[in-house]
Amino acid sequence: MNPRGNPHTLAQARRRVSLDKRQRALTALTTLEQQGKKITHTAVARTAGVSTWLTYAEGIREHIEAAQQRQHPPSPARARSTTATLRTELELTRQEIRTLREDRDRMRKVIQHQLGQQLDALDTGHLTERVDELTRNNQRLEDSLQQATDDNHRLQARVGTLETDLAAARTSLRRMIREENTNR
């Protein structure tokens, strides 16, 4: 058996422990709320016997924050202040977004201008020389190919002639051997 255990079984065990801790945190929250005690992340963690880190995790944090709101509902003056603060923050955020968009557009134009200058600055003479060099190399390769093709045709014709000569020599040799054998 694997000394480290079955990964699937270990994962299930970790899930069960995690779910148990989360359930204990929610139960502790309910208990604290029913007892009228001040609800804090630390108090919930201490009551549940879990880490404070867990109380800030998604799925627990929202319940704690809701319970805190129920314990200390915002006053109308505080709600108005919060609304005004949010509106101010929204307007500041909108201004910042406008500024960032303007900066982005300005930078984009600068980069486009610089790239255009770099393209214009490319030495077209250098490019023309390179094209000419490549054209010469291409012509040299075409000439070499034509020469090799011509040599190949000549050699094939020579091979054909030699094969014909060889066949004739074999025929003559056979005839001579037959004549020699019949004269004996």
# chains A, B, ... in the order shown; residues from 1 in each chain; ligands from 1
$ residues_around --residues "Gln71 (chain A)" --least-positions-apart "3" --cutoff "10 Å" --atoms "only C-alpha atoms" --output "list in words"
Glu33, Gly36, Lys37, Lys38, Ile39, Glu65, Ala66, Ala67, Gln68 and Pro74 of chain A
$ residues_around --residues "Ala43 (chain A)" --least-positions-apart "2" --cutoff "12 Å" --atoms "only C-alpha atoms" --output "list in words"
Ala25, Leu26, Ala28, Leu29, Thr30, Thr31, Leu32, Glu33, Lys37, Lys38, Ile39, Thr40, His41, Ala45, Arg46, Thr47, Ala48, Gly49, Val50, Ser51, Thr52, Thr55, Ile64 and Gln68 of chain A
$ write_last_selection --atoms "N, CA and C atoms" --output "short mmCIF file (atom, residue, chain, number, x, y, z; two decimals), in the first residue's frame"
data_model
loop_
_atom_site.label_atom_id
_atom_site.label_comp_id
_atom_site.auth_asym_id
_atom_site.auth_seq_id
_atom_site.Cartn_x
_atom_site.Cartn_y
_atom_site.Cartn_z
N ALA A 25 -17.44 27.76 12.67
CA ALA A 25 -17.34 29.23 12.66
C ALA A 25 -18.73 29.85 12.53
N LEU A 26 -19.56 29.30 11.66
CA LEU A 26 -20.92 29.84 11.49
C LEU A 26 -21.77 29.61 12.74
N ALA A 28 -20.57 29.37 15.81
CA ALA A 28 -20.05 30.31 16.81
C ALA A 28 -20.59 31.71 16.56
N LEU A 29 -20.68 32.11 15.31
CA LEU A 29 -21.22 33.42 14.96
C LEU A 29 -22.66 33.56 15.44
N THR A 30 -23.45 32.53 15.17
CA THR A 30 -24.85 32.54 15.59
C THR A 30 -24.94 32.62 17.12
N THR A 31 -24.12 31.86 17.80
CA THR A 31 -24.13 31.85 19.27
C THR A 31 -23.77 33.24 19.81
N LEU A 32 -22.72 33.83 19.30
CA LEU A 32 -22.30 35.16 19.76
C LEU A 32 -23.40 36.19 19.51
N GLU A 33 -24.03 36.08 18.35
CA GLU A 33 -25.08 37.04 18.02
C GLU A 33 -26.27 36.87 18.96
N LYS A 37 -23.15 39.36 22.28
CA LYS A 37 -21.74 39.71 22.43
C LYS A 37 -21.26 40.41 21.16
N LYS A 38 -20.19 41.21 21.34
CA LYS A 38 -19.64 41.94 20.21
C LYS A 38 -19.05 40.95 19.21
N ILE A 39 -19.43 41.12 17.97
CA ILE A 39 -18.99 40.20 16.93
C ILE A 39 -17.77 40.78 16.23
N THR A 40 -16.68 40.02 16.35
CA THR A 40 -15.43 40.35 15.65
C THR A 40 -14.89 39.07 15.05
N HIS A 41 -13.99 39.21 14.13
CA HIS A 41 -13.39 38.02 13.51
C HIS A 41 -12.65 37.21 14.57
N ALA A 45 -13.44 33.36 15.75
CA ALA A 45 -12.37 32.35 15.64
C ALA A 45 -12.12 31.70 16.99
N ARG A 46 -12.04 32.50 18.05
CA ARG A 46 -11.78 31.96 19.39
C ARG A 46 -12.92 31.04 19.83
N THR A 47 -14.16 31.46 19.61
CA THR A 47 -15.32 30.67 20.03
C THR A 47 -15.39 29.36 19.24
N ALA A 48 -15.08 29.40 17.95
CA ALA A 48 -15.17 28.21 17.11
C ALA A 48 -13.94 27.32 17.22
N GLY A 49 -12.85 27.87 17.76
CA GLY A 49 -11.61 27.09 17.83
C GLY A 49 -10.95 26.94 16.48
N VAL A 50 -11.05 27.99 15.64
CA VAL A 50 -10.44 27.97 14.31
C VAL A 50 -9.51 29.17 14.19
N SER A 51 -8.77 29.23 13.10
CA SER A 51 -7.85 30.35 12.90
C SER A 51 -8.63 31.60 12.49
N THR A 52 -8.08 32.73 12.86
CA THR A 52 -8.71 33.99 12.46
C THR A 52 -8.71 34.12 10.95
N THR A 55 -11.84 33.11 9.29
CA THR A 55 -13.00 34.00 9.41
C THR A 55 -13.00 35.09 8.33
N ILE A 64 -20.08 37.29 8.88
CA ILE A 64 -19.61 38.10 10.01
C ILE A 64 -19.92 39.57 9.76
N GLN A 68 -22.29 42.00 11.99
CA GLN A 68 -21.79 43.28 12.53
C GLN A 68 -22.72 44.42 12.14
#
$ atom_distance --atom1 "CA of Thr9 (chain A)" --atom2 "CA of Thr27 (chain A)"
26.8 Å
